[in-house]
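Student: Take this structure, written in structure tokens, and hold onto it; I'll ask about it next.
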Amino acid sequence: MDNCSAASTSLTDSFELELGTQWCKPPWFSCAFDNRGGGKSFSGESYLSSGVLKRLILNLDPLPTSFEEDTVEIFGIQWVTETALVNSSRELFHLFRQQLYNLETLLQANCDFGQVSVLHCKADNIRQQCVIFLHYIKVFIFRYLKVQNAKGHIPVHPYEALEAQLPSVLVGELHGLLLYIGHLSELPSVNIGAFVNQNQIKLFAPSWHLLHLHLDIHWLVLEILHILGEKLKHVVYGHQFMNLAGDNLTNVSLFEEHCENLLCDLISLSLNKYDKIRPSEALMSHHCSCPCIKELWVLLIHLLDHRSKWSLSESFWNWMNKLLKTLFEKSSDRKLPVPVIQSRDPFGFNWWIITHLASLYQFDRHGVPDEMRQMESNWNFVEELLKKSISVQDGILEDQLRMYLHCCLTLCDFWEPNITIVTILWEHYSKNLNSSFSISWLPLKGLANIIKSSLSLLEMVKTCCCDKQDHDLYKSSSSYTIFLCILAKVVKKAMKNNGPHPWKQVKGRIYSKFHQKRMEELTEVGLQNFFSLFLLLAAVAEVEDVASHVLDLLNFLRSASIISSQRALIWKGQMAFLLMYVQKNLDIGVLAEKLSGAFREKAKEFLVSKNDEIGQKQTLWTLLAIYIDGVQEVFETSHCLQPSHEKLLNDGFTMLLPACQESELRTVLNFLQAVLARVRSMHQQLCQELQTENVDLVVQSSLSAKERHLAAVASALWRHFFSFLKSQRMSQIVPHSQLADAAADFTLLAMDMPSSAPSDLQPQPVISMIRLFGWDDIIWPQVVARYLSHVLQNSTLCEALCHSEYVSFQALTVRSWIRCVLQMYIKNFSVPDDLFIGINPEQAVEKDYLQQLVELTRLLFKLPEVKDIFSKSQVEYLTILEDPKKALVQFLEAVGITYRNLQTLSDKSAMVTKSLEYLGEVLKYIKPYLGKKNSSAGLQLTYGMMGILVKSWAQIFATSKAQKLLFRIIDCLLLPHTVLQQEKELPAAMLTAIQKSLPLYLQGMCIVCCQSQNPNTYLNQLLGSVIEQYIGRFLPASPCGLGIGQHPVLLALKTSATVPPMSSLKKCITQVIRKSYFHFKGSSPPPRLASILAFILQLSKEANVDICDVELLLPGVLKCLVLVNEPQVKRLATENLQYMVKTCQAGSEGEPAAQLTSVFRQFIQDFGMRYSYQVYSILETVAALDQQVVIHLISTLTQSLKDSELKCGLGRNIAQREAYGKLLSHLGQVGQDEMQRLENDNT
């Protein structure tokens, strides 16, 4: 025999097909096969796979292709095949025992890796010889042993005499062999593992070979005895044994004795293994340490059951029952031949071994698992075992009971249903319903913890009804749950096989245990177990009968004696029954009436209870939440809505909603959204069915009824929920997101089923809803943004509204979007002054709201009207959709560009109207930012956006329709009352926001002034007031810094000074400076004069001042040079003077400007007599730049000198004349001539 031989093919009953296969290699026990793929249970060399068992049972030749030669080699000696056993039986058995001894001596050798190959080969050879000999005995008996006729047959030949004695000799020799090898349990411990050499061949130690040879001997002896009995058809006595011991020994008694010994040995091996495993792993741990032992069990099952059918011998289960009772019954008088250790848990071992042995019945005669194979049951033994297991005087432990019942459940899977098992278990659990059936050290997923919801209770029951249970049931479920699994499996199987009769039996047993006293004794855990039991009965049998009985039993409970936790459990249980009705598509009317009535009462109590009664409200809320969760599940699992569904939506919700706090409202609104979504889904499905062609009248009538039921439910939702939502539009109690979601769901419901909406929303309920939640300026922007996002996402609704003639849907939606963006930093809308003060604008906005604004922006920019504006303005917007603020800027600019591109007056007028509609009451949107507590981020957003609006829409604001809004913007943002109070400091955040955005306002206002259809004096006054206020507000105290160039008034001119409208801004600035900042009180200079001069200098450099501007500003500069001696002022005034003279010189094409000459002439007239030296010095500076200007002033200067001398009356003023002469010396020949005239003048 080859240790590495391939698996044999499946055998058939045909003898011819079996010839030429592996029958030439006698089978044996082997676990040295590769089963990594999991496809095989036994080796190809095994007794099952090779067909030995089948041939044994069918009484066929054991090995049809072996031992066919004249001689056979056994133990290295050639023997005559047909006579060897008759002539030399004692010698052969002696050689057999000698080989056994040789194998046993190999156990003493050191079996390390270096020696294992040699030892393996020796042991394997010995085992092969022994197995061949035993197979030879089988074949000899079947082929060559002649059946002697006992009556009157006298042997005529010595061989015949020996042959007649052979059966008796064999019985004796086999008995002796069994005594020699002893019991399996007495063998030394064996390491089942193998060494693997470089050729991937498994090598085993001698102990492994010895164990497997013993298994071969034990099985082959049974085979030999069975074949002998089948061949002779009479009892064979072992005469030699009788003579020596005086006891009867027959082939039958030896077979039975050996069976008993072998089964005891196998039980003992299993017991050793059982005591090493945990109860939680019992069913996952097999009782066989080796596949060969498992195969031996299967062989015994088939052989013993086969013999029991055709003779008076015991079946396999009878053998096991007898032995197990003897093993574990202390009172048993029967002694076993094999010493067996006492188990720590005898009952557990019985359950364990019976369950595993039952699973072996699935293997057929070839060792192939067949799940459809009829399995022999052993219920009688199991019933007795179960009674003993649960009737232990000291009380059974939960961990043991779980293991026992898990085994019992497995047996229920294997065997036919047994009502008695259920009855026995119910007798136990009916007395212990209040127990939690928990293990202190093991947390449970199942019933040991109180079920959290009616759905989880129902799911647990469904799990119990599953055909396949979790292998980890011990840890995941209590023993009571496992009992429910057994109950479900037995009842389902029994009803399938025998109709309703088994159910009536079970129902009678269970119902009889519940009466008023028993119901009143149930604790919270007991009630949970009660509901689990009856829900399971309803799931597997008659739902309505069980539910009706449960309601009757619950009526036994007095309301006053029920504690809150019990009442909650009762509600969960009833709701679970309601869900089961829905899942089975039954009418829920009775249960809905009862539950909704109880809900109404509790909602009323919840409404009238005081807020300080926290405990009572919490108790009531627990019940209400159970109802809400259950009803939601009812709607979500219902295939269609019946009139009974409307009963679940009663006025209890109307009373409940006003009494809820925020967390409770979240629960109710989640429920509302789920029901609304389900109703809409059902309506859409119904519409599709109604549109189907060729619908007959019956179906049409059914669909119409469904439509009426849906409409009734929808009306109930409007009636009991919408009025509350409408009243909470400005509240902070209702979470904004849920308020918006619920309102949007109602809007979509109004679109699908407009007739269901209340009368105050008719005749256009959708438009009315959007007015309430999307366009109303008093609603929280968070609500509006989320609500409008939902509306715009629905393409059907959006398209219908865009083409509606009744309302400006797109314009009003844009208006709401603008408001949402502008109010993105408002945190408390009900108290405008209570604003969030944020440092980082990005952090000042809630992340969720910002994401919502981004989504709304994305959807809004898909509106046809908005896309049209961007298309006409040719402004790209795709890159800014992720930033709502940038998107708003782009939109405002696009509107302004679109207006500027319009040609006809009618188009422009319509665009103005549309633009104002976009803005709405825009000042109301930003008003909260202007309170006492300022948000820097909010103010920057407000002033920035309004500045962009003023500049971008300047031409729109130039129209008479829009100017009023512009005036209000300027008054509100730039010229509020606090700004006009010069002595009062503005808030820093506000000042910063104005500083950043003021150039936009100034540029926009200038454009408006230039573009106005009619000259507007008031607008010009506003512009002057703004400039006057903010030149000073942002003017530094000293010009030493570099910030004067960043003055917002100057920035307004920096980039746009060449634009024609900007010249008017420059002119206005110069007028304001002359009027308000160069005003000397006598000889006292104005405040911050140096800064003003620096501002003028910067203005002159950046804005290209013209002669007209010089005419306005130069007198003040000259006055500073005369009256102020501060060096910084003088320096800045001189620089201004120089820059202005150069400017005039550049603009006059070489000729002195008349305006400039006029200014200097007036300056001389004003200050020449009193400040002549300063005047001469100033003019020297001018002369250095432009002599012609001063030359044109000589006559005026000379006359001023004479007037001064005349006024003094002292004659010539030599010092003054010298100073004047110095000036004239800078004027070339003209100056020299004038000096000569003065010398010659005797006046």
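The way I read the labels, and the way they are meant: chains A, B, ... in the order of the structure tokens, residue 1 as the first residue of every chain, and ligand 1 as the first ligand shown, with later ones counted on from there.
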Near Ile510 (chain A), within 10 Å and counting only C-alpha atoms, which residues show up once chain neighbours fewer than 2 positions away are dropped, as a list in words?
Tutor: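 In the requested format, the answer is Val422, Thr423, Trp426, Glu427, Ser430, Lys504, Gln505, Val506, Lys507, Gly508, Ser512, Lys513, Phe514, Leu533, Phe534 and Leu537 of chain A.
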Student: Considering only C-alpha atoms, can you say which of A:Thr667, A:Gln903, A:Asn102, A:Ser756 comes closest to Gln738 (chain A)?
Tutor: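 Selected residue with least distance to Gln738 (chain A): A:Thr667.
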Student: Fewer than 6 positions away in the same chain doesn't count, so skip those; otherwise give me all residues within 10 Å of region 850-866 of chain A, counting only C-alpha atoms, as a ChimeraX atom specification.
Tutor: /A:737,781-793,798-799,802,810-811,813-814,817-818,820-821,824,842,877-878,880-885,887-888,891,894-895
Student: Considering only C-alpha atoms, return as a list in words whatever protein or nucleic-acid residues lie within 10 Å of Asn125 (chain A), sequence-local ones (same chain, fewer than 6 positions apart) excluded.
Tutor: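 Skipping anything fewer than 6 positions along the chain leaves Met1, Phe75, Gln99, Leu103, Leu119 and His209 of chain A.
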Student: If you keep C-alpha atoms, can you produce a file of those selected residues as a short mmCIF file (atom, residue, chain, number, x, y, z; two decimals), in the first residue's frame?
Tutor:
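Heads up, here's the output in part12.cif:
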data_model
loop_
_atom_site.label_atom_id
_atom_site.label_comp_id
_atom_site.auth_asym_id
_atom_site.auth_seq_id
_atom_site.Cartn_x
_atom_site.Cartn_y
_atom_site.Cartn_z
CA MET A 1 0.00 0.00 0.00
CA PHE A 75 4.40 -11.44 7.27
CA GLN A 99 4.50 -7.84 14.60
CA LEU A 103 5.73 -2.02 16.59
CA LEU A 119 11.04 4.75 12.21
CA HIS A 209 1.07 4.09 13.58
#
Student: Could you check how far CA of Glu1180 (chain A) sits from CA of Leu1223 (chain A), in Å to one decimal?
Tutor: 5.7 Å
Student: For a quick check of understanding, using only C-alpha atoms, which of A:Leu283, A:Val461, A:Ile217, A:Leu386 has the smallest distance to Arg127 (chain A)?
Tutor: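 Ranked by minimum distance to Arg127 (chain A), first place goes to A:Ile217.
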Student: Pick out the residues sitting within 8 Å of Tyr274 (chain A), and hand them over as a list in words; count only C-alpha atoms, and ignore anything fewer than 3 positions along from it in its own chain.
Tutor: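 Non-adjacent residues within range: Ser270, Leu271, Ile277, Ala282, His287 and Phe349 of chain A.
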Student: Any chance you can output those residues with all heavy atoms as a tab-separated table (two decimals), in the first residue's frame?
Tutor:
chain	number	residue	atom	x	y	z
A	270	SER	N	-13.59	10.72	24.11
A	270	SER	CA	-14.38	11.95	23.98
A	270	SER	C	-14.47	12.68	25.31
A	270	SER	O	-14.40	13.92	25.36
A	270	SER	CB	-15.78	11.63	23.46
A	270	SER	OG	-15.73	11.03	22.19
A	271	LEU	N	-14.61	11.91	26.38
A	271	LEU	CA	-14.72	12.51	27.70
A	271	LEU	C	-13.44	13.25	28.07
A	271	LEU	O	-13.48	14.35	28.66
A	271	LEU	CB	-15.03	11.42	28.73
A	271	LEU	CG	-15.39	11.88	30.15
A	271	LEU	CD1	-16.56	12.85	30.11
A	271	LEU	CD2	-15.73	10.68	31.01
A	277	ILE	N	-12.49	21.58	27.23
A	277	ILE	CA	-13.07	22.67	26.44
A	277	ILE	C	-14.05	23.45	27.29
A	277	ILE	O	-14.61	22.96	28.27
A	277	ILE	CB	-13.76	22.15	25.17
A	277	ILE	CG1	-14.93	21.23	25.52
A	277	ILE	CG2	-12.78	21.45	24.26
A	277	ILE	CD1	-15.73	20.77	24.33
A	282	ALA	N	-18.29	24.38	23.09
A	282	ALA	CA	-18.60	22.95	23.03
A	282	ALA	C	-19.03	22.50	21.64
A	282	ALA	O	-18.51	21.52	21.10
A	282	ALA	CB	-19.69	22.62	24.05
A	287	HIS	N	-15.79	16.13	18.98
A	287	HIS	CA	-15.43	15.14	20.00
A	287	HIS	C	-14.32	14.21	19.53
A	287	HIS	O	-13.80	13.43	20.32
A	287	HIS	CB	-16.67	14.32	20.38
A	287	HIS	CG	-17.18	13.44	19.27
A	287	HIS	ND1	-17.69	13.96	18.11
A	287	HIS	CD2	-17.24	12.09	19.15
A	287	HIS	CE1	-18.07	12.97	17.33
A	287	HIS	NE2	-17.80	11.82	17.93
A	349	PHE	N	-21.75	16.56	29.13
A	349	PHE	CA	-21.09	15.62	28.23
A	349	PHE	C	-22.11	14.83	27.43
A	349	PHE	O	-21.93	14.56	26.23
A	349	PHE	CB	-20.19	14.67	29.02
A	349	PHE	CG	-19.56	13.61	28.15
A	349	PHE	CD1	-18.52	13.92	27.29
A	349	PHE	CD2	-20.05	12.31	28.16
A	349	PHE	CE1	-17.96	12.95	26.47
A	349	PHE	CE2	-19.48	11.33	27.34
A	349	PHE	CZ	-18.43	11.66	26.50
Student: Using only C-alpha atoms, which residues sit within 9 Å of Lys1130 (chain A) once same-chain residues fewer than 4 positions away are excluded, as a PyMOL selection string?
Tutor: chain A and resi 1090+1120-1122+1124-1126+1134-1135
Student: Quick check for you: according to DSSP on this backbone, which residues of region 55-278 of chain A are classed as alpha helix (DSSP H)? Reply as a PyMOL selection string.
Tutor: chain A and resi 55-57+84-106+116-143+158-181+206-232+239-245+251-274
Student: Keeping only C-alpha atoms, write the selected residues to a file as a compact mmCIF listing (two decimals), in the first residue's frame.
Tutor:
# COMPACT_ATOMS: atom_id res chain seq x y z
CA ARG A 55 -19.76 -3.98 0.35
CA LEU A 56 -20.00 -5.20 3.92
CA ILE A 57 -23.64 -4.15 4.23
CA ALA A 84 -3.38 -20.96 4.66
CA LEU A 85 -5.94 -19.89 7.22
CA VAL A 86 -7.21 -23.45 7.77
CA ASN A 87 -3.80 -25.08 7.98
CA SER A 88 -1.84 -22.35 9.81
CA SER A 89 -4.29 -20.10 11.63
CA ARG A 90 -2.49 -20.33 14.99
CA GLU A 91 0.90 -19.62 13.37
CA LEU A 92 -0.48 -16.64 11.49
CA PHE A 93 -2.03 -15.13 14.61
CA HIS A 94 1.22 -15.75 16.47
CA LEU A 95 3.13 -13.88 13.73
CA PHE A 96 0.51 -11.12 13.93
CA ARG A 97 1.09 -10.68 17.68
CA GLN A 98 4.83 -10.74 17.09
CA GLN A 99 4.50 -7.84 14.60
CA LEU A 100 2.42 -5.95 17.12
CA TYR A 101 5.17 -6.41 19.67
CA ASN A 102 7.77 -5.17 17.17
CA LEU A 103 5.73 -2.02 16.59
CA GLU A 104 5.37 -1.44 20.33
CA THR A 105 9.14 -1.68 20.80
CA LEU A 106 9.64 1.11 18.26
CA VAL A 116 11.71 9.80 12.14
CA SER A 117 12.08 8.74 8.50
CA VAL A 118 13.52 5.33 9.39
CA LEU A 119 11.04 4.75 12.21
CA HIS A 120 8.14 5.83 10.00
CA CYS A 121 9.11 3.33 7.29
CA LYS A 122 9.49 0.45 9.79
CA ALA A 123 6.21 1.20 11.56
CA ASP A 124 4.36 1.71 8.30
CA ASN A 125 5.62 -1.65 6.98
CA ILE A 126 4.54 -3.48 10.16
CA ARG A 127 1.10 -1.88 10.02
CA GLN A 128 0.63 -2.77 6.36
CA GLN A 129 1.44 -6.45 7.04
CA CYS A 130 -0.99 -6.61 9.94
CA VAL A 131 -3.80 -4.94 8.00
CA ILE A 132 -3.26 -7.20 4.99
CA PHE A 133 -3.57 -10.25 7.24
CA LEU A 134 -6.89 -9.11 8.68
CA HIS A 135 -8.23 -8.30 5.20
CA TYR A 136 -7.10 -11.77 4.11
CA ILE A 137 -9.23 -13.31 6.87
CA LYS A 138 -12.30 -11.42 5.56
CA VAL A 139 -11.68 -12.52 1.98
CA PHE A 140 -10.97 -16.13 3.01
CA ILE A 141 -14.21 -16.43 4.96
CA PHE A 142 -16.22 -14.93 2.11
CA ARG A 143 -14.61 -16.92 -0.75
CA PRO A 158 -8.22 -34.05 7.64
CA TYR A 159 -8.51 -30.68 5.91
CA GLU A 160 -12.28 -30.82 6.17
CA ALA A 161 -11.94 -31.47 9.86
CA LEU A 162 -9.66 -28.51 10.27
CA GLU A 163 -11.94 -26.39 8.12
CA ALA A 164 -14.92 -27.31 10.26
CA GLN A 165 -13.06 -26.13 13.35
CA LEU A 166 -11.87 -22.85 11.73
CA PRO A 167 -14.88 -20.66 12.74
CA SER A 168 -14.44 -21.71 16.38
CA VAL A 169 -10.68 -21.17 16.15
CA LEU A 170 -11.19 -17.74 14.62
CA VAL A 171 -13.56 -16.68 17.39
CA GLY A 172 -11.01 -17.74 19.96
CA GLU A 173 -8.05 -16.16 18.19
CA LEU A 174 -9.90 -12.89 17.66
CA HIS A 175 -10.90 -12.84 21.29
CA GLY A 176 -7.30 -13.41 22.26
CA LEU A 177 -6.14 -10.69 19.90
CA LEU A 178 -8.53 -8.20 21.47
CA LEU A 179 -7.32 -9.14 24.94
CA TYR A 180 -3.75 -8.68 23.74
CA ILE A 181 -4.17 -5.18 22.32
CA PRO A 206 5.57 5.04 15.77
CA SER A 207 2.91 6.01 18.33
CA TRP A 208 0.73 7.34 15.51
CA HIS A 209 1.07 4.09 13.58
CA LEU A 210 0.28 2.07 16.72
CA LEU A 211 -2.90 4.04 17.40
CA HIS A 212 -4.11 3.69 13.83
CA LEU A 213 -3.25 -0.04 13.75
CA HIS A 214 -5.34 -0.49 16.88
CA LEU A 215 -8.21 1.33 15.17
CA ASP A 216 -7.80 -0.96 12.15
CA ILE A 217 -7.84 -4.06 14.39
CA HIS A 218 -10.93 -2.95 16.32
CA TRP A 219 -12.88 -2.29 13.15
CA LEU A 220 -11.65 -5.26 11.13
CA VAL A 221 -12.47 -7.67 13.97
CA LEU A 222 -16.05 -6.39 13.83
CA GLU A 223 -16.04 -6.83 10.06
CA ILE A 224 -14.68 -10.39 10.35
CA LEU A 225 -17.24 -11.37 12.97
CA HIS A 226 -20.07 -9.87 10.91
CA ILE A 227 -18.94 -11.63 7.69
CA LEU A 228 -18.53 -14.89 9.62
CA GLY A 229 -22.07 -14.64 10.96
CA GLU A 230 -23.47 -13.76 7.56
CA LYS A 231 -21.59 -16.69 5.97
CA LEU A 232 -22.50 -19.43 8.46
CA HIS A 239 -14.73 -24.24 22.18
CA GLN A 240 -11.18 -23.65 23.29
CA PHE A 241 -12.16 -20.59 25.34
CA MET A 242 -15.05 -22.50 26.89
CA ASN A 243 -12.80 -25.32 27.91
CA LEU A 244 -10.29 -23.07 29.60
CA ALA A 245 -12.51 -20.49 31.25
CA ASN A 251 -19.24 -15.00 17.51
CA VAL A 252 -22.37 -13.06 18.54
CA SER A 253 -21.28 -12.54 22.14
CA LEU A 254 -17.79 -11.55 21.03
CA PHE A 255 -19.25 -9.05 18.57
CA GLU A 256 -21.43 -7.50 21.25
CA GLU A 257 -18.69 -7.52 23.85
CA HIS A 258 -16.27 -5.93 21.46
CA CYS A 259 -18.87 -3.33 20.44
CA GLU A 260 -19.43 -2.45 24.05
CA ASN A 261 -15.70 -2.18 24.76
CA LEU A 262 -15.04 -0.16 21.65
CA LEU A 263 -17.89 2.27 22.28
CA CYS A 264 -16.72 2.68 25.87
CA ASP A 265 -13.22 3.37 24.61
CA LEU A 266 -14.50 6.01 22.19
CA ILE A 267 -16.68 7.57 24.89
CA SER A 268 -13.69 7.68 27.21
CA LEU A 269 -11.58 9.44 24.55
CA SER A 270 -14.38 11.95 23.98
CA LEU A 271 -14.72 12.51 27.70
CA ASN A 272 -11.03 13.34 27.99
CA LYS A 273 -11.46 15.97 25.31
CA TYR A 274 -14.72 17.36 26.72
Student: List as a PyMOL selection string the protein and nucleic acid residues near Leu892 (chain A), meaning an atom at most 12 Å away when only C-alpha atoms are counted, but skip any in the same chain fewer than 3 places from it.
Tutor: chain A and resi 814-815+818+866+869-870+873+875+877+885-889+895-899+915-916+918-919+944-954+956
Student: Kindly give the distance, in Å, that separates CA of Leu665 (chain A) and CA of Gln732 (chain A), rounded to a single decimal.
Tutor: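 Taking CA of Leu665 (chain A) and CA of Gln732 (chain A), their separation equals 11.7 Å.
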Student: For Phe483 (chain A), which of A:Ser454, A:Ser280, A:Gln148, A:Thr410 is the closest residue, counting only C-alpha atoms?
Tutor: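 Using only C-alpha atoms, the shortest distance to Phe483 (chain A) belongs to A:Thr410.
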Student: Identify, with DSSP run on backbone atoms, the residues in region 119-366 of chain A assigned to strand (DSSP E or B), and express the list as a list of chain:residue names.
Tutor: A:Phe195, A:Val196, A:Lys202, A:Leu203, A:Tyr237, A:Thr250, A:Phe363
Student: Could you save those same residues with N, CA and C atoms as a PDB file, in the first residue's frame?
Tutor:
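New file result05.pdb:
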ATOM      1  N   PHE A 195       5.688  15.076  10.787  1.00  0.00           N
ATOM      2  CA  PHE A 195       6.849  15.725  10.185  1.00  0.00           C
ATOM      3  C   PHE A 195       6.650  15.752   8.676  1.00  0.00           C
ATOM      4  N   VAL A 196       7.197  16.777   8.017  1.00  0.00           N
ATOM      5  CA  VAL A 196       7.104  16.872   6.563  1.00  0.00           C
ATOM      6  C   VAL A 196       8.513  16.997   6.016  1.00  0.00           C
ATOM      7  N   LYS A 202       4.459  13.335   4.374  1.00  0.00           N
ATOM      8  CA  LYS A 202       4.251  13.364   5.821  1.00  0.00           C
ATOM      9  C   LYS A 202       4.855  12.116   6.463  1.00  0.00           C
ATOM     10  N   LEU A 203       5.568  12.305   7.544  1.00  0.00           N
ATOM     11  CA  LEU A 203       6.203  11.218   8.292  1.00  0.00           C
ATOM     12  C   LEU A 203       5.648  11.219   9.702  1.00  0.00           C
ATOM     13  N   TYR A 237     -19.377 -21.249  18.336  1.00  0.00           N
ATOM     14  CA  TYR A 237     -18.879 -21.252  19.702  1.00  0.00           C
ATOM     15  C   TYR A 237     -17.355 -21.323  19.696  1.00  0.00           C
ATOM     16  N   THR A 250     -19.211 -16.953  21.892  1.00  0.00           N
ATOM     17  CA  THR A 250     -19.705 -17.165  20.536  1.00  0.00           C
ATOM     18  C   THR A 250     -19.321 -15.970  19.688  1.00  0.00           C
ATOM     19  N   PHE A 363     -23.467  11.431   7.105  1.00  0.00           N
ATOM     20  CA  PHE A 363     -22.539  10.779   6.180  1.00  0.00           C
ATOM     21  C   PHE A 363     -23.138   9.471   5.663  1.00  0.00           C
TER      22      PHE A 363
END
Student: Nearest to Ala1183 (chain A) among A:Leu975, A:Val1129, A:Val1141, A:Leu1065, with distances taken over only C-alpha atoms: which residue is it?
Tutor: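 Distance minimum relative to Ala1183 (chain A) lands on A:Val1141.
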Student: Would you work out the distance separating CA of Ile1107 (chain A) from CA of Thr1143 (chain A), expressed in Å to one decimal?
Tutor: 7.5 Å
Student: Between A:Gln1138, A:Val1105, A:Leu303, A:Cys1009, which is the closest to Thr1070 (chain A) once you count only C-alpha atoms?
Tutor: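 Closest to Thr1070 (chain A), using only C-alpha atoms: A:Val1105.
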Student: Would you please work out which residue, of A:Val392, A:Ala677, A:Cys412, A:Leu657, is nearest to Phe635 (chain A) when using only C-alpha atoms?
Tutor: A:Ala677
